[in-house]
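Presented below is the structure to which this report refers.
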Amino acid sequence: MPAAPLPKNEAQRLARLRAYRILDTPPEDAFDRIVRIAANVLDTPIALVSLVDQGRQWFKAKIGLDARETPRDLAFCAHAILSDEVLVVPDATQHATFADNPLINCAPNIRFYAGAPLTTHDGLKLGTVCVIDDKPHAPSPRQIALLRDLSALAMDELELRAAGKLALEEVEERKRIDAFKTAFISTINHEIRTPLTSIIGGLELVNGGMLGEVPPHMGEVLTIAERNAALLLRLINELLDTAALEAGQMEFNPRPMDLTAMIEESMENLRSYCREKRITVSREGASGITVNGDKARLTQVLNNLISNGVKFSPPGSDIRIGVTTEGGRATVSVSDTGGGIPESIRPRIFGKFVQGHAAGKGEGTGLGLSIVKAIVERHGGEIGFETETGSGTRFHFTLPTL
């Protein structure tokens with residue numbers, strides 16, 4: 001008997017079969033049920049879920065047959081995968097293609113064969129659901145239709161099995177990534193941030209004259225070192241905050257707090273920075289507003305918005321902080337007179353790694369506003385902005401009041 005010709009898409013077919021990673025796997029109930037039903041429907045002693053590999057056909061499920069595989073060049077299934085239709089051989093001894101097949105005269109003494117291709121959604125045929133008997137058969141159209149349905153069901157099981165394995169692998173990969181991130185964050189926190197904080201503290205003591213007078217030329221270098229160390233610490237803190245938010249591990253300790261007092265404190269903390277940039281910060285609007293919030297986190301929000309305003313405003317300008325209340329919500333706004341946010345980055349200004357809203361002034365990680373947005377939303381609030389090129393930007397966020 002001549003071996004079946006190879007399908008035109010044989011390389012692609014074999015690659016897809018291997019991608020399912022089902023060859024040489026243990027029996028599974030879902031496929032075993034299919035062969036039991038097939039044998040019963042077609043009234044045959046043998047039924048198989050057969051996968052046609054490069055040089056063999058391998059049986060994922062079988063009933064009535066001891067062998068786990070047979071050579072491909074003897075396989076009826078190798079012929080069945082060449083067509084979209086169910087291959088039906090009522091009596092192999094009378095069939096031109098199979099009459100001299102050795103499996104006719106030795107076990108399993110094939111006379112009747114019917115095989116429905118296992119077909120992927122894009123038409124690749126991986127094998128068959130087939131039935132075999134040592135007696136001729138004349139199957140009815142209903143039986144052939146049911147065999148085709150069982151083949152489709154087996155293909156669905158293959159897809160479901162592959163999807164399940166992929167999902168498990170993705171979960172395991174996510175666990176590995178999370179474990180790496182946790183270790184990385186711990187390293188940053190303990191091996192970099194802790195000593196960096198000590199370095200900054202030492203530089204502040206030296207630059208403040210606490211350890212004696214510093215020569216002018218040395219003081220300038222130490223001041224630059226302190227400024228850059230503080231910038232590095234801020235970048236590290238933003239990376240750690242982003243990782244904590246993504247992992248759902250950022251701690252929030254909300255309690256009733258005076259919103260106006262928090263704003264005044266933030267303005268005071270940034271006063272020297274504003275003075276260095278020759279920019280004033282003023283507050284206007286309502287007072288005596290109480291919100292339920294994490295003071296440290298909301299101060300972080302306001303510090304970021306004020307710092308951005310200062311960074312992108314010309315010397316001599318004023319940053320205005322406004323506070324209003326309406327409908328049980330307080331709105332805090334921070335307005336600058338800088339160059340505005342370019343249209344190209346407005347849709348993603350609260351995304352990660354979006355740097356600077358004025359050309360040439362981007363510095364830092366570009367994580368600040370994404371952290372601000374997450375903190376505001378964790379407080380049940382919303383954040384937005386209005387901007388106009390050349391005329392400045394107004395950021396505003398809302399918080400529920402008590």
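By convention here, the chains of the structure tokens are called A, B, ... in the order presented, each chain's residues are numbered starting at 1, and ligands are numbered starting at 1 in the order presented.
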Point to revise | Those of stretch 113-181 of chain A in DSSP alpha helix (DSSP H), formatted as a VMD selection string | key: chain A and resid 141 to 181
Please produce an output containing C-alpha atoms for each residue in the selection, written as a PDB file, in the first residue's frame.
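Final output, saved to part-v7.pdb:
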ATOM      1  CA  PRO A 141     -25.581   9.181   7.457  1.00  0.00           C
ATOM      2  CA  ARG A 142     -26.670   9.765  11.056  1.00  0.00           C
ATOM      3  CA  GLN A 143     -23.761   7.707  12.386  1.00  0.00           C
ATOM      4  CA  ILE A 144     -21.278   9.575  10.178  1.00  0.00           C
ATOM      5  CA  ALA A 145     -22.718  12.914  11.315  1.00  0.00           C
ATOM      6  CA  LEU A 146     -22.307  11.870  14.952  1.00  0.00           C
ATOM      7  CA  LEU A 147     -18.702  10.806  14.310  1.00  0.00           C
ATOM      8  CA  ARG A 148     -18.040  14.252  12.822  1.00  0.00           C
ATOM      9  CA  ASP A 149     -19.576  15.853  15.929  1.00  0.00           C
ATOM     10  CA  LEU A 150     -17.379  13.739  18.191  1.00  0.00           C
ATOM     11  CA  SER A 151     -14.334  14.875  16.230  1.00  0.00           C
ATOM     12  CA  ALA A 152     -15.349  18.507  16.725  1.00  0.00           C
ATOM     13  CA  LEU A 153     -15.837  17.803  20.425  1.00  0.00           C
ATOM     14  CA  ALA A 154     -12.351  16.280  20.658  1.00  0.00           C
ATOM     15  CA  MET A 155     -10.939  19.384  18.955  1.00  0.00           C
ATOM     16  CA  ASP A 156     -12.757  21.568  21.465  1.00  0.00           C
ATOM     17  CA  GLU A 157     -11.182  19.537  24.262  1.00  0.00           C
ATOM     18  CA  LEU A 158      -7.762  20.068  22.711  1.00  0.00           C
ATOM     19  CA  GLU A 159      -8.360  23.823  22.606  1.00  0.00           C
ATOM     20  CA  LEU A 160      -9.701  23.874  26.155  1.00  0.00           C
ATOM     21  CA  ARG A 161      -6.767  21.835  27.395  1.00  0.00           C
ATOM     22  CA  ALA A 162      -4.284  24.158  25.662  1.00  0.00           C
ATOM     23  CA  ALA A 163      -6.028  27.253  27.025  1.00  0.00           C
ATOM     24  CA  GLY A 164      -5.985  25.800  30.537  1.00  0.00           C
ATOM     25  CA  LYS A 165      -2.290  24.999  30.332  1.00  0.00           C
ATOM     26  CA  LEU A 166      -1.549  28.490  28.994  1.00  0.00           C
ATOM     27  CA  ALA A 167      -3.544  30.060  31.811  1.00  0.00           C
ATOM     28  CA  LEU A 168      -1.660  28.015  34.409  1.00  0.00           C
ATOM     29  CA  GLU A 169       1.664  28.962  32.843  1.00  0.00           C
ATOM     30  CA  GLU A 170       0.668  32.616  32.873  1.00  0.00           C
ATOM     31  CA  VAL A 171      -0.243  32.351  36.550  1.00  0.00           C
ATOM     32  CA  GLU A 172       3.105  30.731  37.313  1.00  0.00           C
ATOM     33  CA  GLU A 173       4.935  33.349  35.267  1.00  0.00           C
ATOM     34  CA  ARG A 174       3.062  36.098  37.097  1.00  0.00           C
ATOM     35  CA  LYS A 175       4.082  34.520  40.406  1.00  0.00           C
ATOM     36  CA  ARG A 176       7.714  34.452  39.273  1.00  0.00           C
ATOM     37  CA  ILE A 177       7.520  38.084  38.158  1.00  0.00           C
ATOM     38  CA  ASP A 178       5.851  39.131  41.405  1.00  0.00           C
ATOM     39  CA  ALA A 179       8.485  37.311  43.429  1.00  0.00           C
ATOM     40  CA  PHE A 180      11.224  39.055  41.432  1.00  0.00           C
ATOM     41  CA  LYS A 181       9.538  42.438  41.879  1.00  0.00           C
TER      42      LYS A 181
END
Check your understanding: Which residues, written as a PyMOL selection string, have at least one atom at most 8 Å from stretch 129-138 of chain A, with only C-alpha atoms counted and residues fewer than 4 positions away on the same chain left out?
Key -> chain A and resi 35+38-39+42+44-50+77+90-92+108-118+147+150-151+154
Restricting it to N, CA and C atoms, dump the selection as an mmCIF file, in the first residue's frame.
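In the end it all went to again.cif:
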data_model
loop_
_atom_site.group_PDB
_atom_site.id
_atom_site.type_symbol
_atom_site.label_atom_id
_atom_site.label_comp_id
_atom_site.auth_asym_id
_atom_site.auth_seq_id
_atom_site.Cartn_x
_atom_site.Cartn_y
_atom_site.Cartn_z
ATOM 1 N N VAL A 35 -14.052 8.319 22.850
ATOM 2 C CA VAL A 35 -13.892 7.050 22.126
ATOM 3 C C VAL A 35 -14.940 6.018 22.558
ATOM 4 N N ALA A 38 -17.964 6.957 20.599
ATOM 5 C CA ALA A 38 -17.779 6.649 19.177
ATOM 6 C C ALA A 38 -17.970 5.149 18.912
ATOM 7 N N ALA A 39 -17.373 4.314 19.755
ATOM 8 C CA ALA A 39 -17.516 2.853 19.578
ATOM 9 C C ALA A 39 -18.966 2.429 19.719
ATOM 10 N N LEU A 42 -21.104 3.830 16.514
ATOM 11 C CA LEU A 42 -20.812 3.130 15.266
ATOM 12 C C LEU A 42 -20.824 1.612 15.432
ATOM 13 N N THR A 44 -18.679 -0.501 16.942
ATOM 14 C CA THR A 44 -17.388 -1.095 16.586
ATOM 15 C C THR A 44 -16.619 -1.435 17.852
ATOM 16 N N PRO A 45 -15.717 -2.427 17.780
ATOM 17 C CA PRO A 45 -14.926 -2.783 18.961
ATOM 18 C C PRO A 45 -13.768 -1.821 19.222
ATOM 19 N N ILE A 46 -13.368 -1.069 18.201
ATOM 20 C CA ILE A 46 -12.198 -0.191 18.331
ATOM 21 C C ILE A 46 -12.609 1.249 18.009
ATOM 22 N N ALA A 47 -12.165 2.178 18.847
ATOM 23 C CA ALA A 47 -12.328 3.609 18.566
ATOM 24 C C ALA A 47 -11.095 4.330 19.096
ATOM 25 N N LEU A 48 -10.670 5.352 18.378
ATOM 26 C CA LEU A 48 -9.409 6.029 18.697
ATOM 27 C C LEU A 48 -9.540 7.539 18.530
ATOM 28 N N VAL A 49 -8.799 8.277 19.359
ATOM 29 C CA VAL A 49 -8.458 9.664 19.051
ATOM 30 C C VAL A 49 -7.010 9.601 18.604
ATOM 31 N N SER A 50 -6.815 9.750 17.299
ATOM 32 C CA SER A 50 -5.506 9.513 16.692
ATOM 33 C C SER A 50 -4.896 10.834 16.243
ATOM 34 N N CYS A 77 -5.512 6.849 9.062
ATOM 35 C CA CYS A 77 -5.730 8.246 9.471
ATOM 36 C C CYS A 77 -4.863 9.221 8.678
ATOM 37 N N PRO A 90 -15.916 1.062 3.846
ATOM 38 C CA PRO A 90 -16.834 0.000 4.301
ATOM 39 C C PRO A 90 -16.176 -1.367 4.400
ATOM 40 N N ASP A 91 -15.286 -1.683 3.410
ATOM 41 C CA ASP A 91 -14.599 -2.980 3.404
ATOM 42 C C ASP A 91 -13.220 -2.766 2.795
ATOM 43 N N ALA A 92 -12.208 -2.759 3.625
ATOM 44 C CA ALA A 92 -10.857 -2.433 3.169
ATOM 45 C C ALA A 92 -10.338 -3.414 2.133
ATOM 46 N N PRO A 108 -4.996 -5.219 13.743
ATOM 47 C CA PRO A 108 -6.352 -5.545 14.222
ATOM 48 C C PRO A 108 -7.282 -6.061 13.116
ATOM 49 N N ASN A 109 -6.711 -6.573 11.986
ATOM 50 C CA ASN A 109 -7.519 -7.166 10.910
ATOM 51 C C ASN A 109 -8.612 -6.203 10.423
ATOM 52 N N ILE A 110 -8.163 -5.058 9.976
ATOM 53 C CA ILE A 110 -9.110 -3.995 9.612
ATOM 54 C C ILE A 110 -9.922 -4.373 8.384
ATOM 55 N N ARG A 111 -11.239 -4.258 8.535
ATOM 56 C CA ARG A 111 -12.148 -4.322 7.390
ATOM 57 C C ARG A 111 -12.867 -2.972 7.250
ATOM 58 N N PHE A 112 -13.446 -2.533 8.341
ATOM 59 C CA PHE A 112 -14.175 -1.263 8.303
ATOM 60 C C PHE A 112 -13.374 -0.170 9.005
ATOM 61 N N TYR A 113 -13.362 1.005 8.380
ATOM 62 C CA TYR A 113 -12.701 2.177 8.978
ATOM 63 C C TYR A 113 -13.540 3.412 8.671
ATOM 64 N N ALA A 114 -13.702 4.262 9.639
ATOM 65 C CA ALA A 114 -14.288 5.591 9.417
ATOM 66 C C ALA A 114 -13.547 6.577 10.295
ATOM 67 N N GLY A 115 -13.041 7.658 9.699
ATOM 68 C CA GLY A 115 -12.263 8.650 10.452
ATOM 69 C C GLY A 115 -12.679 10.070 10.117
ATOM 70 N N ALA A 116 -13.029 10.843 11.152
ATOM 71 C CA ALA A 116 -13.406 12.255 10.984
ATOM 72 C C ALA A 116 -12.235 13.121 11.421
ATOM 73 N N PRO A 117 -11.755 14.025 10.551
ATOM 74 C CA PRO A 117 -10.558 14.812 10.872
ATOM 75 C C PRO A 117 -10.745 15.723 12.087
ATOM 76 N N LEU A 118 -9.689 15.827 12.880
ATOM 77 C CA LEU A 118 -9.601 16.834 13.947
ATOM 78 C C LEU A 118 -9.071 18.109 13.303
ATOM 79 N N LEU A 147 -20.160 10.951 14.251
ATOM 80 C CA LEU A 147 -18.702 10.806 14.310
ATOM 81 C C LEU A 147 -18.030 12.158 14.055
ATOM 82 N N LEU A 150 -18.338 14.181 17.177
ATOM 83 C CA LEU A 150 -17.379 13.739 18.191
ATOM 84 C C LEU A 150 -15.976 14.248 17.891
ATOM 85 N N SER A 151 -15.633 14.319 16.611
ATOM 86 C CA SER A 151 -14.334 14.875 16.230
ATOM 87 C C SER A 151 -14.240 16.355 16.604
ATOM 88 N N ALA A 154 -13.739 16.572 20.283
ATOM 89 C CA ALA A 154 -12.351 16.280 20.658
ATOM 90 C C ALA A 154 -11.453 17.483 20.386
#
Practice item. Tell me which of A:Asn237, A:Ser266, A:Asn101, A:Ser391 sits closest to A:Pro2, counting only C-alpha atoms. Key: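 Residue with the minimum atom-to-atom distance to A:Pro2: A:Asn101.
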Review point. In stretch 199-388 of chain A, what's strand (DSSP E or B) per DSSP? Answer as an MDAnalysis selection string?
Key: chainID A and resid 255:258 280:285 290:293 318:326 329:335 383:388
Write out the residues from the selection above, keeping C-alpha atoms, as a short mmCIF file (atom, residue, chain, number, x, y, z; two decimals), in the first residue's frame.
data_model
loop_
_atom_site.label_atom_id
_atom_site.label_comp_id
_atom_site.auth_asym_id
_atom_site.auth_seq_id
_atom_site.Cartn_x
_atom_site.Cartn_y
_atom_site.Cartn_z
CA ARG A 255 -9.00 59.70 59.29
CA PRO A 256 -10.84 63.02 59.60
CA MET A 257 -8.47 65.87 58.74
CA ASP A 258 -8.53 69.60 58.10
CA THR A 280 5.15 82.63 44.97
CA VAL A 281 2.37 80.30 46.07
CA SER A 282 -0.96 81.67 47.26
CA ARG A 283 -4.18 80.09 48.51
CA GLU A 284 -7.72 81.28 48.02
CA GLY A 285 -11.22 79.94 48.63
CA THR A 290 -12.94 68.34 56.79
CA VAL A 291 -12.28 65.24 54.70
CA ASN A 292 -11.59 61.63 55.57
CA GLY A 293 -8.12 61.03 54.20
CA ASP A 318 2.39 82.88 41.06
CA ILE A 319 1.03 79.38 41.73
CA ARG A 320 -2.59 79.67 42.87
CA ILE A 321 -4.22 77.03 45.06
CA GLY A 322 -8.00 77.18 45.13
CA VAL A 323 -10.47 75.36 47.37
CA THR A 324 -14.23 75.13 46.78
CA THR A 325 -17.04 72.92 48.08
CA GLU A 326 -20.25 71.78 46.43
CA ARG A 329 -17.33 67.32 47.72
CA ALA A 330 -14.30 69.59 48.03
CA THR A 331 -12.33 70.60 44.95
CA VAL A 332 -8.66 71.57 45.26
CA SER A 333 -7.06 73.22 42.24
CA VAL A 334 -3.44 74.12 41.47
CA SER A 335 -2.98 76.65 38.65
CA ILE A 383 -8.64 64.29 39.12
CA GLY A 384 -8.51 66.29 35.90
CA PHE A 385 -6.94 69.32 34.27
CA GLU A 386 -7.47 72.21 31.90
CA THR A 387 -4.60 73.57 29.87
CA GLU A 388 -3.87 76.04 27.11
#
Review point. In Å, how far is it from atom CA of A:Gly390 to atom CA of A:Gly338?
Key: 6.6 Å
Review point. What's the 12 Å shell around A:Ile185, counting only C-alpha atoms, without same-chain residues fewer than 3 positions away, as a count of residues only?
Key: 23
Check your understanding: atom CA of A:Val52 and atom CA of A:Asn105 are how many Å apart?
Key ->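 Between atom CA of A:Val52 and atom CA of A:Asn105 the gap is 22.6 Å.
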Review point. Can you tell me, as number ranges by chain, what residues are no more than 10 Å from stretch 53-63 of chain A when counting only C-alpha atoms, ignoring any on the same chain fewer than 3 positions away?
Key: A: 6, 10-11, 13-14, 17-18, 22-36, 38-39, 44-50, 66-78, 126-131
